[in-house]
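Contents: one structure, followed by commentary.
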Amino acid sequence: MSDPSDAPDAPYLPGAPAAVLRELLELLADGAPAERLAEPAARAGAGSAAEAAWLAGARGTAVSIRRTLDQHRRREAELAALFDTAGDLAALRDLDAVLRALVRRARTLLRADVAYMTLNDPAAQDTYMRVTDGSVSAAFQQLRLRMGDGLGGLVAQTARPYASRDYRTDHRFRHTGTIDHGVGEEGLRGILGVPLRLGEQVIGVLYAADRAPRDFTPDAIALLGSLADHAAVAIDGARLMEETRAALVGLEAANATARAHSEALRRASDAHDRLTELVLRGGEVGEVVAAIATLLEGGLTLHDTDGTELARVGAGPAAPPARGLAESRTSGRAVYAEGAWTCAVLAGAELLGSLVLTGRDGPAPDAPPTGANPGVAGRRTTAAAEPALPGPGLRGPGLPGPCLPQGPEHNGAALPGAPLSDADLRLFERAALVTALLLLLHRSVAETEDRVRGELLDDLLSEAPRGHRGSTGLALRAKRLGVDPAAPHAVAVLDCDPPVRARLAADIARRARTLGGLSGTREGLVVLVAPAGPADPARELARELTQALGTPVTVGAAGPVPGVSGFPRAHAEARRCLHALHALGRTGDGADLTELGFLGVLLGDRADVAAYTARVLGPVQDYDAERGTDLIRTLDAYYAHGGSLSRAKDALHVHVNTVVQRLERIGRLLGQDWNSPSRALELQLALRLHRLAAPGTPPPGA
């Protein structure tokens with residue numbers, strides 16, 4: 001900047017030029033635009049040539065000063081914008097908002113029509129639109145540029161700034177149809193792009209563009225570069241924040257895992273101690289089931305191999321789920337099926353039973369893929385789909401961090417209905433092993449006891465002669481096994497199809513232990529000796545066993561017999577009764593000889609004639625005894641004369657109507673089928689035995 005007064009040939013002009021100079025200084029102080037700086041000289045008018053030259057020099061100097069002041073003010077505004085950006089970064093909360101502010105300031109400071117930012121996608125080897133300001137074209141907002149394509153692709157590839165006065169006619173860049181369509185729809189001409197750098201890595205490009213041709217000055221390029229550096233710092237800060245957040249979440253997860261593992265170890269140790277103590281002291285399966293149910297906080301049922309319930313705590317199915325038991329037996333693991341957890345109780349390949357756990361849900365469904373972040377696009381200025389931001393651990397534009405576990409903590413115990421955790425699942429499966437061990441132990445004890453009981457039963461049923469000392473020894477052995485030899489006992493012989501005979505023997509062994517009796521197998525038939533019970537135990541026992549085993553079970557019974565000396569004879573009688581039931585087609589039924597009618601009398605070696613006649617003729621005998629009638633003699637005469645009413649009335653010396661009335665009374669006492677062939681045979685045999693048992697009874701019609 002030159003001063004006219006320094007010129008050697010410039011005269012000193014104290015008049016009008018001094019006033020012009022003062023006015024120029026006042027205009028500069030007031031910040032007047034450069035156009036107004038010509039007004040003072042014009043008003044002063046043209047003087048001498050020297051004066052005109054002096055005024056022109058003064059005006060030029062003022063314009064130069066005005067330009068310098070404008071540059072300083074613009075630089076001050078740029079620095080203020082950069083400081084504001086730095087302040088925003090220091091209070092970073094939302095990366096999207098910061099990036100939008102950076103792009104908006106770039107547009108404002110460079111007085112551009114449009115400003116925008118693209119970010120590199122290393123996986124796709126391209127750069128995609130991230131933020132725009134001033135854009136009106138959807139196609140432009142969704143652009144993706146391959147490395148080297150267009151101005152932005154070249155900047156992203158070379159890490160150097162590029163400017164184009166008119167991109168449409170600038171052939172320095174590789175034009176593509178997609179890019180030219182988007183740029184043309186937006187109406188852009190002059191474009192400036194500078195790289196976003198993180199060290200030596202280029203992560204994107206920041207642009208300023210006009211819809212008219214424009215030459216971008218070095219100052220504009222430097223300003224946009226400064227804003228790009230701030231944007232890169234913001235993105236890197238967001239990446240570091242995300243990494244820190246992820247590390248904190250990871251530490252919290254690791255801490256929670258450690259706590260859960262510690263709690264699982266504590267519960268497993270507690271469960272091991274409790275179950276071991278139960279096994280060592282020979283606890284019952286019911287105690288084990290109760291302990292496991294308490295540990296797992298659910299209902300638990302133990303079933304036998306045939307589905308019979310052995311123990312239960314809480315609610316549970318009547319039978320184990322078939323599919324769950326089959327899968328568990330195959331895999332050796334607990335299986336969730338039909339709303340319950342089922343674990344087969346195995347000893348090697350042998351199935352001993354099953355445990356069914358209720359009140360605990362099945363496995364949780366697969367969680368959604370991690371990183372899924374619905375709703376992120378709503379936080380973007382543009383509508384384009386976007387990959388993750390560059391940098392390790394950075395997952396998206398909004399940088400949403402993983403959610404920390406919510407809700408109150410608990411001490412590891414399962415909530416009601418909660419899914420079975422891995423630790424509880426292992427505990428459930430370990431409980432099945434303990435149950436198997438306990439069942440095997442009990443079975444071993446039971447087999448030993450059954451063998452001892454079976455030997456005693458063989459000796460009790462043996463027909464070999466034994467003296468008083470032998471009977472006394474058997475009685476003592478029976479007492480040691482909990483059998484009272486002095487009490488009346490019934491003997492039952494049972495038969496079923498061979499494939500289920502082992503199950504029948506096992507069921508009878510359990511009943512014998514429960515009843516305080518003995519059981520065993522002799523000559524292919526199952527034998528039960530138990531204290532005498534109800535009047536018709538054989539038929540009820542046959543019905544229960546047939547229903548439980550799903551196959552006909554036939555039961556022949558004898559007794560009750562007092563003392564051990566009567567057992568062999570009762571056993572033989574029960575066997576004859578069993579064979580008679582098969583011969584009569586009554587397989588699946590139960591009876592003793594008294595229930596077989598005259599066949600029982602014929603088959604029995606100690607027939608109770610009085611009991612038989614009382615069972616067949618009892619109602620008629622009681623009627624005669626109470627009323628002094630003669631119905632027994634009338635019935636005997638009727639059968640003795642071949643069912644002829646006239647011959648019977650002659651033999652009885654009564655009127656025929658009397659015979660008819662007496663027979664009607666007999667029908668009401670014995671039932672309407674009293675004269676059927678089978679009942680008639682029973683009645684005639686009973687009448688004969690009645691006469692034989694009562695000497696002096698006159699024959700019919702006498």
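Letters A, B, ... mark the chains of the structure tokens in the order given; residue numbers begin at 1 per chain; ligand numbers begin at 1, in order shown.
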
Who sits within 12 Å of Ala293 (chain A), only C-alpha atoms, same chain under 2 positions skipped, as number ranges by chain: A: 271, 275, 286-291, 295-302, 311-316, 355-360, 414, 424, 427-428, 431

Give me, please, the distance in Å between CA of Asp650 (chain A) and CA of Glu682 (chain A), quoted to one decimal.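 Taking CA of Asp650 (chain A) as the start and CA of Glu682 (chain A) as the end point, the length is 25.0 Å.
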
For region 169-175 of chain A: contacts at 8 Å, only C-alpha atoms, fewer than 6 positions along chain excluded, given as number ranges by chain: A: 148-151, 154

Excluding same-chain residues fewer than 4 positions from Arg575 (chain A), what lies within 12 Å of it counting only C-alpha atoms, as a ChimeraX atom specification? /A:461,491-495,522-528,554-558,568-571,579-582,590-593,603-604

By how many Å are CA of Leu110 (chain A) and CA of Glu200 (chain A) apart?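 These two atoms are separated by 26.3 Å.
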
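What separates CA of Val103 (chain A) from CA of Ile221 (chain A) is a distance of 14.5 Å.
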
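Candidate residues A:Arg513, A:Val279, A:Val434, A:Pro317 were compared for distance to Leu346 (chain A), and the nearest is A:Val434, using only C-alpha atoms.
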
Nearby residues (only C-alpha atoms) at most 9 Å from Val136 (chain A), same-chain spacing under 5 positions excluded, as a CSV table (one decimal) with all heavy atoms, in the first residue's frame:
chain,number,residue,atom,x,y,z
A,141,GLN,N,-28.8,-37.4,-2.8
A,141,GLN,CA,-28.6,-37.7,-1.3
A,141,GLN,C,-28.3,-39.2,-1.2
A,141,GLN,O,-27.8,-39.6,-0.1
A,141,GLN,CB,-29.9,-37.3,-0.5
A,141,GLN,CG,-30.1,-35.9,-0.5
A,141,GLN,CD,-31.5,-35.5,0.1
A,141,GLN,OE1,-32.2,-36.4,0.6
A,141,GLN,NE2,-31.8,-34.2,0.0
A,185,GLU,N,-29.3,-33.5,-11.4
A,185,GLU,CA,-30.6,-33.3,-10.7
A,185,GLU,C,-30.5,-32.2,-9.6
A,185,GLU,O,-31.4,-31.5,-9.4
A,185,GLU,CB,-31.1,-34.6,-10.2
A,185,GLU,CG,-32.5,-34.5,-9.7
A,185,GLU,CD,-33.1,-35.9,-9.3
A,185,GLU,OE1,-33.4,-36.7,-10.2
A,185,GLU,OE2,-33.1,-36.1,-8.1
A,186,GLU,N,-29.3,-32.2,-8.9
A,186,GLU,CA,-29.1,-31.2,-7.9
A,186,GLU,C,-28.7,-29.8,-8.5
A,186,GLU,O,-28.9,-28.8,-7.8
A,186,GLU,CB,-28.0,-31.7,-6.9
A,186,GLU,CG,-27.8,-30.8,-5.7
A,186,GLU,CD,-29.1,-30.9,-4.8
A,186,GLU,OE1,-29.4,-32.0,-4.4
A,186,GLU,OE2,-29.6,-29.8,-4.5

Measuring atom to atom with only C-alpha atoms, identify which of A:Pro531, A:Gly199, A:Gly332, A:Pro419 is nearest to Ala349 (chain A).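 Closest to Ala349 (chain A), using only C-alpha atoms: A:Gly332.
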
Skipping near chain neighbours, those fewer than 2 positions away, what residues fall within 8 Å of region 652-660 of chain A using only C-alpha atoms, listed as a PyMOL selection string? chain A and resi 634+637+645-646+648-650+662-664+701-702

Deliver the residues from the most recent selection as a file, using N, CA and C atoms, as a short mmCIF file (atom, residue, chain, number, x, y, z; two decimals), in the first residue's frame.
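Writing done, so here's again-v8.cif:
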data_model
loop_
_atom_site.label_atom_id
_atom_site.label_comp_id
_atom_site.auth_asym_id
_atom_site.auth_seq_id
_atom_site.Cartn_x
_atom_site.Cartn_y
_atom_site.Cartn_z
N THR A 634 -89.21 -128.91 49.72
CA THR A 634 -89.98 -128.76 48.47
C THR A 634 -89.05 -128.71 47.27
N ALA A 637 -87.66 -132.16 46.60
CA ALA A 637 -88.66 -133.03 45.98
C ALA A 637 -88.87 -132.66 44.51
N LEU A 645 -94.37 -130.96 38.71
CA LEU A 645 -95.14 -130.38 39.80
C LEU A 645 -96.14 -131.38 40.39
N SER A 646 -96.76 -132.17 39.55
CA SER A 646 -97.77 -133.12 40.04
C SER A 646 -97.14 -134.22 40.88
N ALA A 648 -94.26 -133.95 42.43
CA ALA A 648 -93.72 -133.34 43.64
C ALA A 648 -94.81 -133.10 44.67
N LYS A 649 -96.05 -132.69 44.22
CA LYS A 649 -97.12 -132.43 45.20
C LYS A 649 -97.60 -133.75 45.82
N ASP A 650 -97.56 -134.89 45.02
CA ASP A 650 -97.92 -136.19 45.59
C ASP A 650 -96.90 -136.60 46.65
N ARG A 662 -94.58 -122.23 46.67
CA ARG A 662 -93.27 -122.41 47.32
C ARG A 662 -92.13 -122.19 46.32
N LEU A 663 -92.28 -122.65 45.09
CA LEU A 663 -91.22 -122.46 44.09
C LEU A 663 -91.06 -120.98 43.71
N GLU A 664 -92.17 -120.26 43.68
CA GLU A 664 -92.07 -118.83 43.40
C GLU A 664 -91.30 -118.12 44.52
N GLY A 701 -89.70 -136.29 49.58
CA GLY A 701 -91.01 -136.92 49.43
C GLY A 701 -91.33 -137.94 50.48
N ALA A 702 -90.41 -138.17 51.43
CA ALA A 702 -90.69 -139.19 52.44
C ALA A 702 -91.66 -138.65 53.45
#

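The smallest atom-to-atom distance between Thr158 (chain A) and any of A:Gly250, A:Gly671, A:Gly204, A:Gly520, using only C-alpha atoms, is found for A:Gly204.
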
Who sits within 12 Å of Glu327 (chain A), only C-alpha atoms, same chain under 6 positions skipped, as a list in words: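 My list of contacting residues is Pro320, Pro321, Arg333, Ala334, Val335, Tyr336, Ala337, Trp341, Thr342, Cys343, Ala344 and Ser354 of chain A.
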
Could you write those residues out with all heavy atoms, as an mmCIF file, in the first residue's frame?
data_model
loop_
_atom_site.group_PDB
_atom_site.id
_atom_site.type_symbol
_atom_site.label_atom_id
_atom_site.label_comp_id
_atom_site.auth_asym_id
_atom_site.auth_seq_id
_atom_site.Cartn_x
_atom_site.Cartn_y
_atom_site.Cartn_z
ATOM 1 N N PRO A 320 -44.623 -89.522 32.111
ATOM 2 C CA PRO A 320 -43.600 -88.695 31.456
ATOM 3 C C PRO A 320 -43.947 -88.479 29.992
ATOM 4 O O PRO A 320 -44.505 -89.371 29.342
ATOM 5 C CB PRO A 320 -42.320 -89.539 31.614
ATOM 6 C CG PRO A 320 -42.793 -90.937 31.788
ATOM 7 C CD PRO A 320 -44.101 -90.842 32.512
ATOM 8 N N PRO A 321 -43.653 -87.286 29.420
ATOM 9 C CA PRO A 321 -43.895 -87.052 27.994
ATOM 10 C C PRO A 321 -43.142 -88.067 27.147
ATOM 11 O O PRO A 321 -41.925 -88.225 27.303
ATOM 12 C CB PRO A 321 -43.369 -85.625 27.774
ATOM 13 C CG PRO A 321 -43.404 -84.987 29.128
ATOM 14 C CD PRO A 321 -43.130 -86.091 30.102
ATOM 15 N N ARG A 333 -29.315 -86.409 27.569
ATOM 16 C CA ARG A 333 -29.453 -85.065 28.099
ATOM 17 C C ARG A 333 -30.914 -84.774 28.410
ATOM 18 O O ARG A 333 -31.809 -85.445 27.910
ATOM 19 C CB ARG A 333 -28.951 -84.023 27.079
ATOM 20 C CG ARG A 333 -27.518 -84.216 26.625
ATOM 21 C CD ARG A 333 -26.540 -84.027 27.770
ATOM 22 N NE ARG A 333 -26.670 -82.736 28.405
ATOM 23 C CZ ARG A 333 -26.064 -81.619 27.983
ATOM 24 N NH1 ARG A 333 -25.268 -81.671 26.927
ATOM 25 N NH2 ARG A 333 -26.225 -80.491 28.636
ATOM 26 N N ALA A 334 -31.145 -83.741 29.234
ATOM 27 C CA ALA A 334 -32.512 -83.314 29.523
ATOM 28 C C ALA A 334 -33.114 -82.672 28.276
ATOM 29 O O ALA A 334 -32.418 -81.989 27.515
ATOM 30 C CB ALA A 334 -32.536 -82.328 30.685
ATOM 31 N N VAL A 335 -34.400 -82.889 28.063
ATOM 32 C CA VAL A 335 -35.088 -82.416 26.860
ATOM 33 C C VAL A 335 -36.360 -81.691 27.289
ATOM 34 O O VAL A 335 -37.076 -82.164 28.185
ATOM 35 C CB VAL A 335 -35.428 -83.594 25.908
ATOM 36 C CG1 VAL A 335 -36.279 -83.107 24.739
ATOM 37 C CG2 VAL A 335 -34.159 -84.252 25.417
ATOM 38 N N TYR A 336 -36.633 -80.544 26.641
ATOM 39 C CA TYR A 336 -37.875 -79.813 26.904
ATOM 40 C C TYR A 336 -38.913 -80.201 25.863
ATOM 41 O O TYR A 336 -38.692 -80.040 24.655
ATOM 42 C CB TYR A 336 -37.634 -78.306 26.850
ATOM 43 C CG TYR A 336 -38.844 -77.492 27.272
ATOM 44 C CD1 TYR A 336 -39.150 -77.321 28.615
ATOM 45 C CD2 TYR A 336 -39.680 -76.903 26.326
ATOM 46 C CE1 TYR A 336 -40.243 -76.583 29.015
ATOM 47 C CE2 TYR A 336 -40.780 -76.163 26.711
ATOM 48 C CZ TYR A 336 -41.056 -76.004 28.059
ATOM 49 O OH TYR A 336 -42.152 -75.277 28.447
ATOM 50 N N ALA A 337 -40.030 -80.759 26.295
ATOM 51 C CA ALA A 337 -41.094 -81.184 25.377
ATOM 52 C C ALA A 337 -42.414 -81.182 26.129
ATOM 53 O O ALA A 337 -42.471 -81.516 27.318
ATOM 54 C CB ALA A 337 -40.803 -82.586 24.812
ATOM 55 N N TRP A 341 -39.610 -80.295 31.352
ATOM 56 C CA TRP A 341 -38.261 -80.832 31.146
ATOM 57 C C TRP A 341 -38.254 -82.297 31.571
ATOM 58 O O TRP A 341 -38.717 -82.627 32.662
ATOM 59 C CB TRP A 341 -37.245 -80.064 31.982
ATOM 60 C CG TRP A 341 -36.917 -78.712 31.437
ATOM 61 C CD1 TRP A 341 -37.482 -77.520 31.779
ATOM 62 C CD2 TRP A 341 -35.930 -78.413 30.442
ATOM 63 N NE1 TRP A 341 -36.924 -76.497 31.058
ATOM 64 C CE2 TRP A 341 -35.962 -77.009 30.237
ATOM 65 C CE3 TRP A 341 -35.045 -79.182 29.708
ATOM 66 C CZ2 TRP A 341 -35.121 -76.381 29.325
ATOM 67 C CZ3 TRP A 341 -34.201 -78.549 28.804
ATOM 68 C CH2 TRP A 341 -34.246 -77.169 28.615
ATOM 69 N N THR A 342 -37.743 -83.159 30.719
ATOM 70 C CA THR A 342 -37.682 -84.589 31.000
ATOM 71 C C THR A 342 -36.236 -85.061 30.897
ATOM 72 O O THR A 342 -35.538 -84.720 29.939
ATOM 73 C CB THR A 342 -38.549 -85.384 30.002
ATOM 74 O OG1 THR A 342 -39.894 -84.898 30.056
ATOM 75 C CG2 THR A 342 -38.526 -86.869 30.346
ATOM 76 N N CYS A 343 -35.807 -85.815 31.887
ATOM 77 C CA CYS A 343 -34.456 -86.379 31.872
ATOM 78 C C CYS A 343 -34.549 -87.861 32.210
ATOM 79 O O CYS A 343 -35.088 -88.232 33.264
ATOM 80 C CB CYS A 343 -33.553 -85.659 32.872
ATOM 81 S SG CYS A 343 -31.800 -86.126 32.707
ATOM 82 N N ALA A 344 -34.077 -88.693 31.296
ATOM 83 C CA ALA A 344 -34.097 -90.137 31.522
ATOM 84 C C ALA A 344 -33.101 -90.502 32.625
ATOM 85 O O ALA A 344 -31.979 -89.990 32.663
ATOM 86 C CB ALA A 344 -33.761 -90.881 30.238
ATOM 87 N N SER A 354 -37.562 -91.912 35.010
ATOM 88 C CA SER A 354 -37.471 -90.589 34.400
ATOM 89 C C SER A 354 -37.827 -89.537 35.439
ATOM 90 O O SER A 354 -38.638 -89.771 36.334
ATOM 91 C CB SER A 354 -38.410 -90.474 33.200
ATOM 92 O OG SER A 354 -39.756 -90.669 33.601
#

Pick out each residue of region 135-347 of chain A that DSSP on the backbone tags as strand (DSSP E); I need them as an NGL selection string. :A and (144-146 or 162-164 or 191-198 or 201-209 or 299-303 or 309-313 or 335-337 or 340-347)

Given the selection you just returned, output its residues as a file containing N, CA and C atoms, formatted as a CSV table (one decimal), in the first residue's frame.
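Result file is part_22.csv:
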chain,number,residue,atom,x,y,z
A,144,ARG,N,-23.6,-43.2,-4.2
A,144,ARG,CA,-22.4,-44.0,-3.7
A,144,ARG,C,-21.4,-43.9,-4.8
A,145,LEU,N,-20.2,-43.5,-4.5
A,145,LEU,CA,-19.2,-43.3,-5.4
A,145,LEU,C,-18.1,-44.4,-5.3
A,146,ARG,N,-17.7,-45.0,-6.3
A,146,ARG,CA,-16.6,-45.9,-6.3
A,146,ARG,C,-15.3,-45.2,-6.2
A,162,TYR,N,-9.5,-31.4,-4.3
A,162,TYR,CA,-9.7,-31.1,-5.7
A,162,TYR,C,-10.9,-30.1,-5.8
A,163,ALA,N,-10.8,-29.2,-6.8
A,163,ALA,CA,-11.8,-28.2,-7.0
A,163,ALA,C,-12.1,-28.1,-8.5
A,164,SER,N,-13.3,-27.9,-8.9
A,164,SER,CA,-13.7,-27.8,-10.3
A,164,SER,C,-14.6,-26.6,-10.4
A,191,ILE,N,-17.6,-27.3,-7.7
A,191,ILE,CA,-17.5,-28.2,-6.6
A,191,ILE,C,-16.1,-28.2,-6.0
A,192,LEU,N,-16.0,-28.2,-4.7
A,192,LEU,CA,-14.7,-28.3,-4.0
A,192,LEU,C,-14.9,-29.5,-3.0
A,193,GLY,N,-13.9,-30.4,-3.0
A,193,GLY,CA,-13.8,-31.5,-2.1
A,193,GLY,C,-12.5,-31.6,-1.4
A,194,VAL,N,-12.5,-31.9,-0.1
A,194,VAL,CA,-11.2,-32.0,0.7
A,194,VAL,C,-11.4,-33.3,1.5
A,195,PRO,N,-10.3,-34.0,1.7
A,195,PRO,CA,-10.3,-35.3,2.4
A,195,PRO,C,-10.5,-35.2,3.9
A,196,LEU,N,-11.2,-36.1,4.5
A,196,LEU,CA,-11.2,-36.3,6.0
A,196,LEU,C,-10.2,-37.3,6.4
A,197,ARG,N,-9.2,-36.8,7.2
A,197,ARG,CA,-8.0,-37.7,7.5
A,197,ARG,C,-8.0,-38.1,9.0
A,198,LEU,N,-7.7,-39.3,9.2
A,198,LEU,CA,-7.3,-39.8,10.5
A,198,LEU,C,-5.9,-40.4,10.4
A,201,GLN,N,-4.9,-42.3,7.2
A,201,GLN,CA,-6.1,-42.9,6.7
A,201,GLN,C,-7.1,-41.9,6.3
A,202,VAL,N,-7.7,-42.0,5.0
A,202,VAL,CA,-8.8,-41.2,4.6
A,202,VAL,C,-10.1,-41.9,4.9
A,203,ILE,N,-11.0,-41.2,5.6
A,203,ILE,CA,-12.2,-41.8,6.0
A,203,ILE,C,-13.4,-41.2,5.3
A,204,GLY,N,-13.2,-40.1,4.5
A,204,GLY,CA,-14.3,-39.5,3.8
A,204,GLY,C,-13.9,-38.3,3.1
A,205,VAL,N,-14.9,-37.5,2.6
A,205,VAL,CA,-14.7,-36.3,1.9
A,205,VAL,C,-15.7,-35.2,2.3
A,206,LEU,N,-15.3,-34.0,2.5
A,206,LEU,CA,-16.2,-32.8,2.8
A,206,LEU,C,-16.2,-31.9,1.6
A,207,TYR,N,-17.5,-31.5,1.2
A,207,TYR,CA,-17.6,-30.8,-0.1
A,207,TYR,C,-18.3,-29.5,0.2
A,208,ALA,N,-18.0,-28.5,-0.7
A,208,ALA,CA,-18.8,-27.3,-0.8
A,208,ALA,C,-19.1,-27.1,-2.3
A,209,ALA,N,-20.3,-26.7,-2.7
A,209,ALA,CA,-20.6,-26.7,-4.1
A,209,ALA,C,-21.6,-25.5,-4.4
A,299,GLY,N,-41.9,-78.0,40.1
A,299,GLY,CA,-42.5,-79.3,40.4
A,299,GLY,C,-41.7,-80.4,39.8
A,300,LEU,N,-41.5,-81.5,40.6
A,300,LEU,CA,-40.7,-82.6,40.1
A,300,LEU,C,-41.4,-83.9,40.4
A,301,THR,N,-41.4,-84.8,39.4
A,301,THR,CA,-42.0,-86.1,39.5
A,301,THR,C,-41.0,-87.2,39.0
A,302,LEU,N,-40.9,-88.3,39.8
A,302,LEU,CA,-40.1,-89.4,39.4
A,302,LEU,C,-41.0,-90.6,39.0
A,303,HIS,N,-40.8,-91.1,37.8
A,303,HIS,CA,-41.6,-92.2,37.3
A,303,HIS,C,-40.7,-93.4,37.1
A,309,GLU,N,-45.8,-93.6,39.0
A,309,GLU,CA,-45.2,-92.5,39.8
A,309,GLU,C,-44.6,-93.1,41.1
A,310,LEU,N,-43.3,-92.8,41.3
A,310,LEU,CA,-42.6,-93.2,42.5
A,310,LEU,C,-42.5,-92.1,43.5
A,311,ALA,N,-42.5,-90.8,43.1
A,311,ALA,CA,-42.4,-89.7,44.0
A,311,ALA,C,-42.8,-88.5,43.3
A,312,ARG,N,-43.3,-87.5,44.0
A,312,ARG,CA,-43.8,-86.2,43.4
A,312,ARG,C,-43.7,-85.1,44.4
A,313,VAL,N,-43.3,-83.9,43.9
A,313,VAL,CA,-43.3,-82.7,44.6
A,313,VAL,C,-43.9,-81.6,43.7
A,335,VAL,N,-34.4,-82.9,28.1
A,335,VAL,CA,-35.1,-82.4,26.9
A,335,VAL,C,-36.4,-81.7,27.3
A,336,TYR,N,-36.6,-80.5,26.6
A,336,TYR,CA,-37.9,-79.8,26.9
A,336,TYR,C,-38.9,-80.2,25.9
A,337,ALA,N,-40.0,-80.8,26.3
A,337,ALA,CA,-41.1,-81.2,25.4
A,337,ALA,C,-42.4,-81.2,26.1
A,340,ALA,N,-42.7,-79.4,29.6
A,340,ALA,CA,-41.9,-79.9,30.8
A,340,ALA,C,-40.5,-80.4,30.4
A,341,TRP,N,-39.6,-80.3,31.4
A,341,TRP,CA,-38.3,-80.8,31.1
A,341,TRP,C,-38.3,-82.3,31.6
A,342,THR,N,-37.7,-83.2,30.7
A,342,THR,CA,-37.7,-84.6,31.0
A,342,THR,C,-36.2,-85.1,30.9
A,343,CYS,N,-35.8,-85.8,31.9
A,343,CYS,CA,-34.5,-86.4,31.9
A,343,CYS,C,-34.5,-87.9,32.2
A,344,ALA,N,-34.1,-88.7,31.3
A,344,ALA,CA,-34.1,-90.1,31.5
A,344,ALA,C,-33.1,-90.5,32.6
A,345,VAL,N,-33.5,-91.4,33.5
A,345,VAL,CA,-32.7,-91.9,34.6
A,345,VAL,C,-32.0,-93.2,34.1
A,346,LEU,N,-30.8,-93.1,33.7
A,346,LEU,CA,-30.1,-94.2,33.0
A,346,LEU,C,-29.0,-94.8,33.9
A,347,ALA,N,-28.8,-96.1,33.7
A,347,ALA,CA,-27.6,-96.8,34.2
A,347,ALA,C,-27.0,-97.4,33.0
